[in-house]
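**Q** Below is the structure I would like to discuss, written out as structure tokens.
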2 protein chains.
Amino acid sequence: MKWWGWGDPERRVELPATSVGAIRDELGVEPGAGNEPVSIDLVSLPEARPIPDALRASADELLDGHDDRIRYATGRSYPDLVRLRTGRLEHAPDAVLRPADAAGVESVLDACAAAGVAVVPFGGGTSVVGGLEALADGHSAVVSLELSRLRSVELDSQSLTARLGPGLTGPEAEAALGALGATLGHFPQSFEEATIGGFAATRSAGQASSGYGRFDDVVTAIELAAPAGRLRTREIPHTAAGPSLRELVLGSEGTLGVITDVSCRVRPAPRSRVYEGWIAEDFHAGREIVRDLAQRHEAPDVLRLSDEEETRVSLELAGTEGLRRRALDAYLSIRRRRGGCLMICGWEGERDDVSRRRGLSQARLRLGGAVPLGRSAGNSWHRSRYGGPYLRDELISLGVLVETLETAHTWSRLDELYLAVGNALRGTLGERSIVMCHVSHAYPDGASLYFTFLTRARPGEELDQWRAAKSAACEAIVATEGTITHHHAVGRDHAPYMRAEVGDLGLEALRAVKERLDPAGIMNPGKLLPAE
Amino acid sequence: MKWWGWGDPERRVELPATSVGAIRDELGVEPGAGNEPVSIDLVSLPEARPIPDALRASADELLDGHDDRIRYATGRSYPDLVRLRTGRLEHAPDAVLRPADAAGVESVLDACAAAGVAVVPFGGGTSVVGGLEALADGHSAVVSLELSRLRSVELDSQSLTARLGPGLTGPEAEAALGALGATLGHFPQSFEEATIGGFAATRSAGQASSGYGRFDDVVTAIELAAPAGRLRTREIPHTAAGPSLRELVLGSEGTLGVITDVSCRVRPAPRSRVYEGWIAEDFHAGREIVRDLAQRHEAPDVLRLSDEEETRVSLELAGTEGLRRRALDAYLSIRRRRGGCLMICGWEGERDDVSRRRGLSQARLRLGGAVPLGRSAGNSWHRSRYGGPYLRDELISLGVLVETLETAHTWSRLDELYLAVGNALRGTLGERSIVMCHVSHAYPDGASLYFTFLTRARPGEELDQWRAAKSAACEAIVATEGTITHHHAVGRDHAPYMRAEVGDLGLEALRAVKERLDPAGIMNPGKLLPAE
């Protein structure tokens with residue numbers, strides 16, 4: 001991963017010149033307003049605290065160079081990117097430890113607990129909620145525990161499950177399973193960089209999770225190495241033996257221990273994949289189609305609905321040429337008016353099944369007043385589905401503040417949530433900004449809303465700008481009783497809202513578990529739980 | 001409910017005379033060996049401990065008569081029934097409190113915590129694992145907290161969710177939802193007596209849970225009144241905000257507090273219901289059909305597969321006349337041999353959808369070598385699906401020890417589990433016994449096994465006989481790494497196996513939550529967690 005941004009350093013997603021002009025116009029960004037990242041040598045870091053010898057000795061591999069500490073200092077939220085690009089890191093790990101296996105993880109945890117050193121479990125480094133910030137939080141030092149060497153893959157082809165090492169990235173897991181004819185079907189936007197352990201620790205949801213299930217849906221057993229010992233749930237399809245410990249480890253974000261092994265349901269690799277675009281009359285009409293499909297249990301495996309603003313921006317500013325031309329043609333000629341909301345529908349599986357389910361969905365889409373844009377629009381989305389974070393780097397280089405956040409609510413309160421968050425963001429960002437949204441995951445009882453916002457970055461004030469917008473959105477979510485996060489997790493950024501989310505007693509329950517499994521409080525301090 | 005047995009005191013499920021004879025022959029039970037229950041006046045109870053005045057004052061309603069204490073003293077396991085029928089209760093609540101609403105529950109909990117009185121939350125009284133045993137466990141007294149007055153129903157027809165009071169029985173919830181065009185689709189064998197709160201507290205699974213989802217699958221939000229305060233999870237379709245507190249309350253079996261409100265996904269009431277019987281060549285062939293259907297995500301809403309022994313007993317001993325004749329005809333004439341395994345398949349929903357899914361399943365059944373028995377066999381099962389516990393009362397009256405237990409495992413280890421538990425039971429019960437099994441719930445990654453065993457009860461030694469068989473089965477499950485319970489929950493009977501199930505650290509995590517939410521340890525002592 002690029003040290004200052006997203007993904008492959010050799011790859012760039014270029015914005016067409018016309019789009020660059022349009023964005024600058026709309027947001028009031030001057031040409032030349034942007035900044036390229038500083039050189040890595042110029043990044044300022046806090047001085048490294050000493051690592052006790054016993055801890056050094058416990059590590060299979062230890063990195064503590066200037067560049068290493070930078071590479072493991074942050075996730076990939078907008079504030080993280082600003083700090084990296086401007087070369088001003090408030091926090092960085094004092095060293096990076098890279099255990100060879102689960103026993104190595106346990107050795108490191110034992111040594112850290114004994115020495116009072118904080119530990120940040122580190123998978124792909126893709127957190128967008130401050131989940132990886134290297135906070136010592138009163139401990140003598142802080143280390144990143146990097147899991148990339150834990151990459152085992154073991155398929156049970158009869159049970160259609162796989163035991164996966166937490167350090168496998170999305171593509172590594174898919175390649176290993178694909179060679180055995182299986183797929184996990186978990187494709188979040190962070191797929192190319194994020195890891196199995198991270199998916200589990202954050203309750204990740206992927207773009208095809210309507211079909212394959214969210215990550216927490218597919219996990220059948222999990223192992224946690226905690227400072228107080230090892231916890232492993234039974235490898236069974238279901239149990240009624242008490243509260244679910246699997247569901248206690250899922251979403252624990254490294255605050256209880258390190259996830260060292262994950263068993264997941266897999267599926268036969270799909271023989272057929274069909275993606276297509278549709279245009280709904282408006283957001284309300286589109287939402288009713290999505291609700292209808294979800295409540296009939298007939299939703300496509302991928303189902304996304306952009307609001308009017310995201311549709312406009314996708315088609316006119318950021319869309320690929322192919323998508324833009326066809327989409328515009330369709331909605332100008334067929335609807336004879338501007339407007340409408342872009343939908344992406346995707347089906348994966350056996351040919352017959354894809355064809356049948358697609359037919360059912362298409363009937364519902366037509367009944368709901370949507371018009372088809374065809375497969376090229378769908379394929380265009382599918383091709384560029386991991387491109388968002390690359391595009392973000394380009395926008396930041398232009399001088400744009402760009403961030404996303406997501407929430408969810410029941411269908412009966414989704415409008416209220418949509419309006420509240422949208423208004424909060426627009427109110428904070430001012431007129432020359434873009435606030436857009438899509439329904440990213442649909443359930444019979446509700447859906448998630450995924451907001452993206454863009455405004456002109458004021459150099460030197462980006463973090464304040466970001467904080468104001470983020471707080472306004474979070475407060476609107478809390479006031480509307482939505483959830484503070486549908487799939488980005490809590491990290492440091494959402495921790496202050498956990499009391500509102502789970503209540504005083506909910507927090508007490510989580511703290512009780514934390515104190516028992518991590519008595520010295522060394523595991524990922526400052527994340528998930530609010531400061532007391 | 002009958003004070004000494006199951007269900008409506010006016011209803012009896014009579015065994016045909018030929019079946020009675022066959023069972024007696026097979027198990028070596030002499031005519032006249034059985035016993036009718038003693039008169040309720042003759043039941044011996046421990047003397048009631050005094051209830052503090054403040055606790056009396058906190059209760060909206062309080063019962064403490066001899067008969068009341070008996071009616072709330074037990075669940076409906078075989079040992080419970082033996083104790084009731086022979087009139088020897090070791091434990092009984094000192095009083096039964098019946099709060100009018102959630103605030104009333106909180107008042108009672110406050111008063112109990114202050115007075116050091118143990119509390120057993122009581123729904124329908126149907127636990128088959130000792131979950132309701134009134135153990136004071138060192139406290140000054142023990143009360144049953146009866147929830148039948150908490151019966152609110154509130155439908156959100158847009159989100160297809162319902163907020164339900166914990167005291168609603170299955171039929172009450174279905175009647176209220178049915179009047180609004182909806183169904184919960186939760187039909188365990190205990191449906192007629194069990195309650196919403198009990199379903200949630202024990203992670204209940206119903207006969208149609210392959211289609212509608214287990215109870216823990218359909219709960220979207222839950223409220224718990226704990227001695228330390230109130231915990232309510234957000235009413236949202238999903239969240240990534242940390243470990244799941246909903247999944248911590250589900251399955252807590254009254255040990256953390258009292259479930260006072262449950263929100264569930266509901267479905268439109270089905271317009272079409274089709275049930276039919278099939279005969280698979282043998283248990284292995286049937287199991288492969290079930291696996292295939294589950295892994296293709298094409299399982300019927302109800303899908304059960306009996307092993308050879310359960311098939312024989314169902315058809316020749318316990319089956320209704322209609323089912324028996326047709327089934328025997330089918331497998332004698334079509335297969336031209338004895339043997340085979342009964343399967344019940346049921347589909348519910350819109351007519352078109354039922355027809356389509358049924359067609360898919362039938363093709364798989366035929367491919368797997370199964371032959372159809374037709375709808376009368378299915379309807380016969382459907383009509384008698386809540387009859388099992390009535391039949392059990394009849395068998396006990398004949399002098400038969402009869403009990404059930406259930407477990408689950410991945411497909412790749414299901415055979416191993418099936419053989420281990422069957423052999424353990426047969427080894428303990430001896431030759432003149434019946435040990436039979438069915439696959440009751442199927443998942444892509446595995447299935448549950450539901451065992452029923454019958455043997456001659458030795459008067460006065462029934463509890464020892466039961467204990468020996470139950471222990472042997474549980475130890476076989478633990479040795480095979482299956483789960484100690486798929487849907488009957490833990491209660492008192494399975495608590496000694498929880499350490500094997502969740503490990504030392506898993507237990508510690510559960511205890512930590514318990515201690516924080518119930519600092520005085522008054523909530524359902526002796527259940528779920530093993531003695532320290």
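Residue names in the structure tokens use chain letters A, B, ... in the order shown, residue numbers from 1 in each chain, and ligand numbers from 1 in the order shown.
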Using only C-alpha atoms and a distance of at most 6 Å, pull out the residues of chain A that contact chain B, as a short mmCIF file (atom, residue, chain, number, x, y, z; two decimals) with all heavy atoms, in the first residue's frame.
**A**
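Here's the written file result.cif:
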data_model
loop_
_atom_site.label_atom_id
_atom_site.label_comp_id
_atom_site.auth_asym_id
_atom_site.auth_seq_id
_atom_site.Cartn_x
_atom_site.Cartn_y
_atom_site.Cartn_z
N GLN A 158 -16.94 -30.78 2.43
CA GLN A 158 -18.23 -31.40 2.72
C GLN A 158 -19.15 -30.41 3.45
O GLN A 158 -20.34 -30.32 3.16
CB GLN A 158 -18.01 -32.65 3.57
CG GLN A 158 -19.13 -33.66 3.40
CD GLN A 158 -18.97 -34.87 4.31
OE1 GLN A 158 -17.91 -35.10 4.89
NE2 GLN A 158 -20.02 -35.64 4.43
N SER A 159 -18.57 -29.66 4.38
CA SER A 159 -19.36 -28.71 5.16
C SER A 159 -19.40 -27.33 4.51
O SER A 159 -20.11 -26.45 4.99
CB SER A 159 -18.78 -28.57 6.57
OG SER A 159 -18.58 -29.84 7.17
N LEU A 160 -18.66 -27.16 3.43
CA LEU A 160 -18.55 -25.85 2.78
C LEU A 160 -18.14 -24.76 3.78
O LEU A 160 -18.79 -23.70 3.89
CB LEU A 160 -19.82 -25.47 2.04
CG LEU A 160 -20.08 -26.20 0.72
CD1 LEU A 160 -21.33 -25.65 0.02
CD2 LEU A 160 -18.90 -26.10 -0.23
N ARG A 203 -16.92 -6.48 11.89
CA ARG A 203 -18.24 -6.81 11.33
C ARG A 203 -18.41 -6.19 9.93
O ARG A 203 -19.40 -5.52 9.65
CB ARG A 203 -19.36 -6.29 12.23
CG ARG A 203 -19.39 -6.93 13.59
CD ARG A 203 -20.54 -6.46 14.43
NE ARG A 203 -20.59 -7.25 15.65
CZ ARG A 203 -21.27 -8.39 15.77
NH1 ARG A 203 -21.99 -8.84 14.76
NH2 ARG A 203 -21.24 -9.07 16.89
N LEU A 231 -9.61 -18.07 23.64
CA LEU A 231 -11.03 -18.38 23.55
C LEU A 231 -11.30 -18.91 22.14
O LEU A 231 -10.92 -18.26 21.17
CB LEU A 231 -11.83 -17.10 23.81
CG LEU A 231 -13.34 -17.17 24.01
CD1 LEU A 231 -13.82 -15.88 24.69
CD2 LEU A 231 -14.12 -17.39 22.75
N ILE A 236 -19.46 -25.39 14.73
CA ILE A 236 -20.78 -26.01 14.64
C ILE A 236 -21.69 -25.05 13.89
O ILE A 236 -21.45 -23.85 13.88
CB ILE A 236 -21.37 -26.26 16.06
CG1 ILE A 236 -21.08 -25.06 16.97
CG2 ILE A 236 -20.83 -27.55 16.67
CD1 ILE A 236 -21.70 -25.12 18.33
N PRO A 237 -22.75 -25.57 13.27
CA PRO A 237 -23.60 -24.66 12.50
C PRO A 237 -24.44 -23.74 13.38
O PRO A 237 -24.77 -22.63 12.97
CB PRO A 237 -24.51 -25.61 11.70
CG PRO A 237 -24.49 -26.90 12.45
CD PRO A 237 -23.15 -26.98 13.12
N THR A 239 -25.72 -23.13 17.88
CA THR A 239 -25.85 -23.63 19.24
C THR A 239 -26.81 -22.76 20.02
O THR A 239 -26.96 -21.58 19.72
CB THR A 239 -24.47 -23.64 19.95
OG1 THR A 239 -24.68 -24.05 21.31
CG2 THR A 239 -23.82 -22.27 19.95
N ALA A 240 -27.46 -23.38 21.00
CA ALA A 240 -28.30 -22.62 21.94
C ALA A 240 -27.64 -22.59 23.31
O ALA A 240 -28.30 -22.35 24.31
CB ALA A 240 -29.69 -23.24 22.02
N ALA A 241 -26.33 -22.86 23.33
CA ALA A 241 -25.63 -22.93 24.62
C ALA A 241 -25.23 -21.53 25.09
O ALA A 241 -24.06 -21.16 25.06
CB ALA A 241 -24.43 -23.85 24.52
N GLY A 242 -26.23 -20.77 25.49
CA GLY A 242 -25.98 -19.49 26.14
C GLY A 242 -25.78 -18.33 25.18
O GLY A 242 -25.94 -18.47 23.97
N PRO A 243 -25.42 -17.17 25.74
CA PRO A 243 -25.12 -16.00 24.92
C PRO A 243 -24.04 -16.35 23.91
O PRO A 243 -23.21 -17.21 24.18
CB PRO A 243 -24.61 -14.98 25.95
CG PRO A 243 -25.25 -15.39 27.24
CD PRO A 243 -25.28 -16.90 27.18
N SER A 244 -24.03 -15.67 22.77
CA SER A 244 -23.09 -16.04 21.72
C SER A 244 -21.73 -15.40 21.95
O SER A 244 -21.57 -14.19 21.84
CB SER A 244 -23.62 -15.63 20.36
OG SER A 244 -22.63 -15.85 19.38
N GLU A 247 -20.36 -13.87 18.73
CA GLU A 247 -20.86 -12.51 18.49
C GLU A 247 -20.25 -11.49 19.45
O GLU A 247 -20.48 -10.30 19.32
CB GLU A 247 -22.39 -12.50 18.62
CG GLU A 247 -23.08 -13.28 17.51
CD GLU A 247 -23.23 -12.47 16.23
OE1 GLU A 247 -22.92 -11.27 16.23
OE2 GLU A 247 -23.66 -13.04 15.22
N LEU A 248 -19.55 -12.00 20.45
CA LEU A 248 -18.83 -11.11 21.36
C LEU A 248 -17.44 -10.80 20.79
O LEU A 248 -16.92 -9.70 20.97
CB LEU A 248 -18.70 -11.81 22.71
CG LEU A 248 -18.43 -10.97 23.94
CD1 LEU A 248 -19.58 -10.01 24.19
CD2 LEU A 248 -18.28 -11.89 25.16
N LEU A 250 -16.71 -11.10 17.39
CA LEU A 250 -16.98 -10.31 16.19
C LEU A 250 -17.26 -8.87 16.62
O LEU A 250 -18.05 -8.64 17.53
CB LEU A 250 -18.20 -10.88 15.45
CG LEU A 250 -18.01 -12.23 14.77
CD1 LEU A 250 -19.36 -12.83 14.38
CD2 LEU A 250 -17.13 -12.08 13.53
N GLY A 251 -16.62 -7.94 15.96
CA GLY A 251 -16.86 -6.54 16.32
C GLY A 251 -16.05 -6.06 17.51
O GLY A 251 -16.23 -4.93 17.95
N SER A 252 -15.15 -6.88 18.04
CA SER A 252 -14.42 -6.45 19.24
C SER A 252 -13.24 -5.54 18.89
O SER A 252 -12.62 -4.95 19.79
CB SER A 252 -13.98 -7.65 20.07
OG SER A 252 -13.16 -8.52 19.31
N HIS A 409 -31.20 2.07 9.50
CA HIS A 409 -32.42 2.19 10.31
C HIS A 409 -33.50 1.28 9.70
O HIS A 409 -33.34 0.74 8.61
CB HIS A 409 -32.90 3.64 10.37
CG HIS A 409 -33.44 4.01 11.72
ND1 HIS A 409 -34.21 3.18 12.49
CD2 HIS A 409 -33.31 5.16 12.45
CE1 HIS A 409 -34.51 3.79 13.64
NE2 HIS A 409 -33.98 4.99 13.64
N THR A 410 -34.57 1.14 10.46
CA THR A 410 -35.74 0.42 9.95
C THR A 410 -36.34 1.22 8.77
O THR A 410 -36.14 2.42 8.66
CB THR A 410 -36.80 0.27 11.04
OG1 THR A 410 -37.05 1.55 11.61
CG2 THR A 410 -36.33 -0.68 12.13
N TRP A 411 -37.10 0.51 7.93
CA TRP A 411 -37.73 1.20 6.79
C TRP A 411 -38.62 2.35 7.25
O TRP A 411 -38.67 3.39 6.61
CB TRP A 411 -38.57 0.20 5.98
CG TRP A 411 -37.74 -0.81 5.25
CD1 TRP A 411 -37.68 -2.15 5.50
CD2 TRP A 411 -36.85 -0.57 4.16
NE1 TRP A 411 -36.80 -2.76 4.64
CE2 TRP A 411 -36.29 -1.82 3.79
CE3 TRP A 411 -36.46 0.57 3.45
CZ2 TRP A 411 -35.36 -1.95 2.76
CZ3 TRP A 411 -35.54 0.44 2.42
CH2 TRP A 411 -35.00 -0.80 2.08
N SER A 412 -39.31 2.16 8.37
CA SER A 412 -40.26 3.19 8.77
C SER A 412 -39.57 4.47 9.25
O SER A 412 -40.20 5.51 9.33
CB SER A 412 -41.21 2.66 9.85
OG SER A 412 -40.49 2.21 10.97
N ASP A 445 -36.21 -5.67 7.24
CA ASP A 445 -36.69 -4.69 8.21
C ASP A 445 -36.07 -3.30 8.08
O ASP A 445 -36.45 -2.40 8.82
CB ASP A 445 -36.50 -5.21 9.64
CG ASP A 445 -35.07 -5.67 9.91
OD1 ASP A 445 -34.41 -6.16 8.98
OD2 ASP A 445 -34.61 -5.53 11.05
N GLY A 446 -35.15 -3.11 7.16
CA GLY A 446 -34.56 -1.79 7.02
C GLY A 446 -33.39 -1.80 6.07
O GLY A 446 -33.21 -2.76 5.31
N THR A 485 -22.92 3.13 13.17
CA THR A 485 -22.18 2.52 12.07
C THR A 485 -22.83 1.21 11.64
O THR A 485 -23.13 0.35 12.47
CB THR A 485 -20.70 2.25 12.43
OG1 THR A 485 -20.10 1.51 11.35
CG2 THR A 485 -20.56 1.44 13.71
N HIS A 486 -23.03 1.06 10.33
CA HIS A 486 -23.55 -0.19 9.79
C HIS A 486 -22.43 -1.17 9.46
O HIS A 486 -22.61 -2.37 9.61
CB HIS A 486 -24.39 0.08 8.54
CG HIS A 486 -24.82 -1.17 7.82
ND1 HIS A 486 -24.07 -1.74 6.81
CD2 HIS A 486 -25.89 -1.97 8.01
CE1 HIS A 486 -24.70 -2.85 6.39
NE2 HIS A 486 -25.79 -3.01 7.10
N HIS A 487 -21.28 -0.68 9.01
CA HIS A 487 -20.20 -1.62 8.70
C HIS A 487 -18.79 -1.05 8.73
O HIS A 487 -17.84 -1.78 8.48
CB HIS A 487 -20.45 -2.33 7.35
CG HIS A 487 -20.51 -1.40 6.17
ND1 HIS A 487 -21.67 -0.82 5.75
CD2 HIS A 487 -19.55 -0.97 5.33
CE1 HIS A 487 -21.43 -0.06 4.68
NE2 HIS A 487 -20.15 -0.14 4.41
N ALA A 489 -17.52 0.14 11.53
CA ALA A 489 -17.12 -0.11 12.92
C ALA A 489 -16.97 1.18 13.73
O ALA A 489 -17.33 2.26 13.26
CB ALA A 489 -15.85 -0.97 12.99
N VAL A 490 -16.45 1.05 14.94
CA VAL A 490 -16.48 2.15 15.90
C VAL A 490 -15.13 2.87 15.96
O VAL A 490 -15.06 4.09 15.81
CB VAL A 490 -16.85 1.62 17.31
CG1 VAL A 490 -16.84 2.77 18.33
CG2 VAL A 490 -18.22 0.94 17.28
N LEU A 505 -25.82 0.49 30.59
CA LEU A 505 -25.63 -0.89 31.02
C LEU A 505 -24.97 -1.72 29.92
O LEU A 505 -24.19 -2.63 30.21
CB LEU A 505 -26.98 -1.51 31.42
CG LEU A 505 -26.86 -2.76 32.28
CD1 LEU A 505 -26.15 -2.47 33.59
CD2 LEU A 505 -28.23 -3.36 32.54
N GLY A 506 -25.26 -1.38 28.67
CA GLY A 506 -24.59 -2.05 27.56
C GLY A 506 -23.09 -1.81 27.63
O GLY A 506 -22.28 -2.74 27.48
N ALA A 509 -21.56 -3.84 30.36
CA ALA A 509 -21.38 -5.25 29.98
C ALA A 509 -20.11 -5.41 29.14
O ALA A 509 -19.32 -6.33 29.36
CB ALA A 509 -22.60 -5.75 29.22
N ALA A 512 -17.05 -4.99 31.27
CA ALA A 512 -16.83 -6.14 32.16
C ALA A 512 -16.07 -7.23 31.41
O ALA A 512 -15.13 -7.83 31.95
CB ALA A 512 -18.17 -6.67 32.67
N VAL A 513 -16.46 -7.48 30.17
CA VAL A 513 -15.77 -8.50 29.37
C VAL A 513 -14.33 -8.06 29.11
O VAL A 513 -13.39 -8.83 29.26
CB VAL A 513 -16.51 -8.74 28.04
CG1 VAL A 513 -15.73 -9.70 27.16
CG2 VAL A 513 -17.92 -9.26 28.29
#
**Q** Using DSSP on the backbone coordinates, identify the residues of stretch 89-272 of chain B assigned to helix (DSSP H, G or I); present them as number ranges by chain.
**A** B: 102-115, 170-178, 196-202, 209-212, 215-218, 246-249
**Q** Pick out the closest residue to A:Ile259 from this set: A:Val128, A:Ala468, A:Ala102, A:Ala73. Count only C-alpha atoms.
**A**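 Nearest to A:Ile259: A:Ala102.
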**Q** Between A:Arg56, A:Arg151, A:Arg24, A:Arg163, which is the closest to A:Val219 once you count only C-alpha atoms?
**A**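 Among the listed residues, the smallest separation from A:Val219 belongs to A:Arg163.
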**Q** I'd like the contact shell of B:Leu391 - 12 Å cut-off, only C-alpha atoms, skipping same-chain residues fewer than 5 positions apart - returned as a count of residues only.
**A** 23
**Q** Just to confirm, what's the straight-line distance from atom CA of A:Ile344 to atom CA of A:Leu303 in Å (one decimal)?
**A**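 Computed distance, atom CA of A:Ile344 to atom CA of A:Leu303, equals 5.7 Å.
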**Q** Atom CA of A:Leu145 and atom CA of A:Asp217, how far apart in Å?
**A**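 One can read the atom CA of A:Asp217 to atom CA of A:Leu145 distance as 26.2 Å.
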**Q** Using only C-alpha atoms, determine which residues lie at most 8 Å from A:Ala136, disregarding the query and same-chain residues fewer than 2 positions distant; provide the list as a PyMOL selection string.
**A** chain A and resi 117-118+134+138-142+525
**Q** Do a neighbour search on A:Arg426 at 9 Å with only C-alpha atoms, toss out local chain neighbours closer than 5 positions, and write the hits as a PDB file with all heavy atoms, in the first residue's frame.
**A**
ATOM      1  N   VAL A 421     -29.392  13.308   8.592  1.00  0.00           N
ATOM      2  CA  VAL A 421     -27.943  13.269   8.357  1.00  0.00           C
ATOM      3  C   VAL A 421     -27.567  14.193   7.197  1.00  0.00           C
ATOM      4  O   VAL A 421     -26.603  14.967   7.283  1.00  0.00           O
ATOM      5  CB  VAL A 421     -27.458  11.827   8.094  1.00  0.00           C
ATOM      6  CG1 VAL A 421     -25.968  11.809   7.769  1.00  0.00           C
ATOM      7  CG2 VAL A 421     -27.752  10.943   9.299  1.00  0.00           C
ATOM      8  N   GLU A 431     -22.948  25.847   1.393  1.00  0.00           N
ATOM      9  CA  GLU A 431     -23.600  25.666   0.090  1.00  0.00           C
ATOM     10  C   GLU A 431     -22.719  25.011  -0.960  1.00  0.00           C
ATOM     11  O   GLU A 431     -23.177  24.181  -1.714  1.00  0.00           O
ATOM     12  CB  GLU A 431     -24.089  27.013  -0.426  1.00  0.00           C
ATOM     13  CG  GLU A 431     -25.492  27.298   0.065  1.00  0.00           C
ATOM     14  CD  GLU A 431     -26.078  28.548  -0.542  1.00  0.00           C
ATOM     15  OE1 GLU A 431     -25.652  28.924  -1.665  1.00  0.00           O
ATOM     16  OE2 GLU A 431     -26.949  29.145   0.102  1.00  0.00           O
ATOM     17  N   SER A 433     -20.894  22.552  -1.454  1.00  0.00           N
ATOM     18  CA  SER A 433     -20.456  21.218  -1.052  1.00  0.00           C
ATOM     19  C   SER A 433     -21.363  20.208  -1.745  1.00  0.00           C
ATOM     20  O   SER A 433     -22.403  20.560  -2.288  1.00  0.00           O
ATOM     21  CB  SER A 433     -20.541  21.056   0.464  1.00  0.00           C
ATOM     22  OG  SER A 433     -21.890  21.215   0.879  1.00  0.00           O
ATOM     23  N   ILE A 434     -20.953  18.987  -1.732  1.00  0.00           N
ATOM     24  CA  ILE A 434     -21.761  17.901  -2.277  1.00  0.00           C
ATOM     25  C   ILE A 434     -22.015  16.912  -1.148  1.00  0.00           C
ATOM     26  O   ILE A 434     -21.074  16.472  -0.486  1.00  0.00           O
ATOM     27  CB  ILE A 434     -21.038  17.185  -3.440  1.00  0.00           C
ATOM     28  CG1 ILE A 434     -20.877  18.145  -4.626  1.00  0.00           C
ATOM     29  CG2 ILE A 434     -21.793  15.927  -3.852  1.00  0.00           C
ATOM     30  CD1 ILE A 434     -19.993  17.593  -5.746  1.00  0.00           C
ATOM     31  N   VAL A 435     -23.284  16.611  -0.888  1.00  0.00           N
ATOM     32  CA  VAL A 435     -23.644  15.583   0.095  1.00  0.00           C
ATOM     33  C   VAL A 435     -24.513  14.583  -0.646  1.00  0.00           C
ATOM     34  O   VAL A 435     -25.591  14.928  -1.128  1.00  0.00           O
ATOM     35  CB  VAL A 435     -24.423  16.181   1.287  1.00  0.00           C
ATOM     36  CG1 VAL A 435     -24.871  15.067   2.230  1.00  0.00           C
ATOM     37  CG2 VAL A 435     -23.566  17.201   2.019  1.00  0.00           C
ATOM     38  N   PHE A 453     -19.448  12.892   1.349  1.00  0.00           N
ATOM     39  CA  PHE A 453     -19.520  14.350   1.258  1.00  0.00           C
ATOM     40  C   PHE A 453     -18.196  14.936   0.798  1.00  0.00           C
ATOM     41  O   PHE A 453     -17.116  14.421   1.102  1.00  0.00           O
ATOM     42  CB  PHE A 453     -20.019  14.998   2.554  1.00  0.00           C
ATOM     43  CG  PHE A 453     -19.259  14.647   3.811  1.00  0.00           C
ATOM     44  CD1 PHE A 453     -18.207  15.457   4.243  1.00  0.00           C
ATOM     45  CD2 PHE A 453     -19.617  13.556   4.580  1.00  0.00           C
ATOM     46  CE1 PHE A 453     -17.514  15.163   5.420  1.00  0.00           C
ATOM     47  CE2 PHE A 453     -18.932  13.250   5.757  1.00  0.00           C
ATOM     48  CZ  PHE A 453     -17.875  14.046   6.173  1.00  0.00           C
ATOM     49  N   ALA A 469     -18.073  18.328  10.525  1.00  0.00           N
ATOM     50  CA  ALA A 469     -19.046  17.600   9.700  1.00  0.00           C
ATOM     51  C   ALA A 469     -19.365  16.237  10.316  1.00  0.00           C
ATOM     52  O   ALA A 469     -20.539  15.840  10.419  1.00  0.00           O
ATOM     53  CB  ALA A 469     -18.500  17.421   8.284  1.00  0.00           C
TER      54      ALA A 469
END
**Q** Please run DSSP on the backbone and report, as number ranges by chain, all residues within stretch 333-463 of chain B that come out as strand (DSSP E).
**A** B: 341-349, 371-374, 400-410, 433-443, 446-456
**Q** Can you tell me, as a PyMOL selection string, what residues are no more than 10 Å from A:Ser471 when counting only C-alpha atoms, ignoring any on the same chain fewer than 5 positions away?
**A** chain A and resi 424-425+428+466+476-477+493-494+496-497
**Q** Can you measure atom CA of B:Ile279 to atom CA of B:Arg366 for me? One decimal in Å is fine.
**A**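 Separation between atom CA of B:Ile279 and atom CA of B:Arg366: 10.1 Å.
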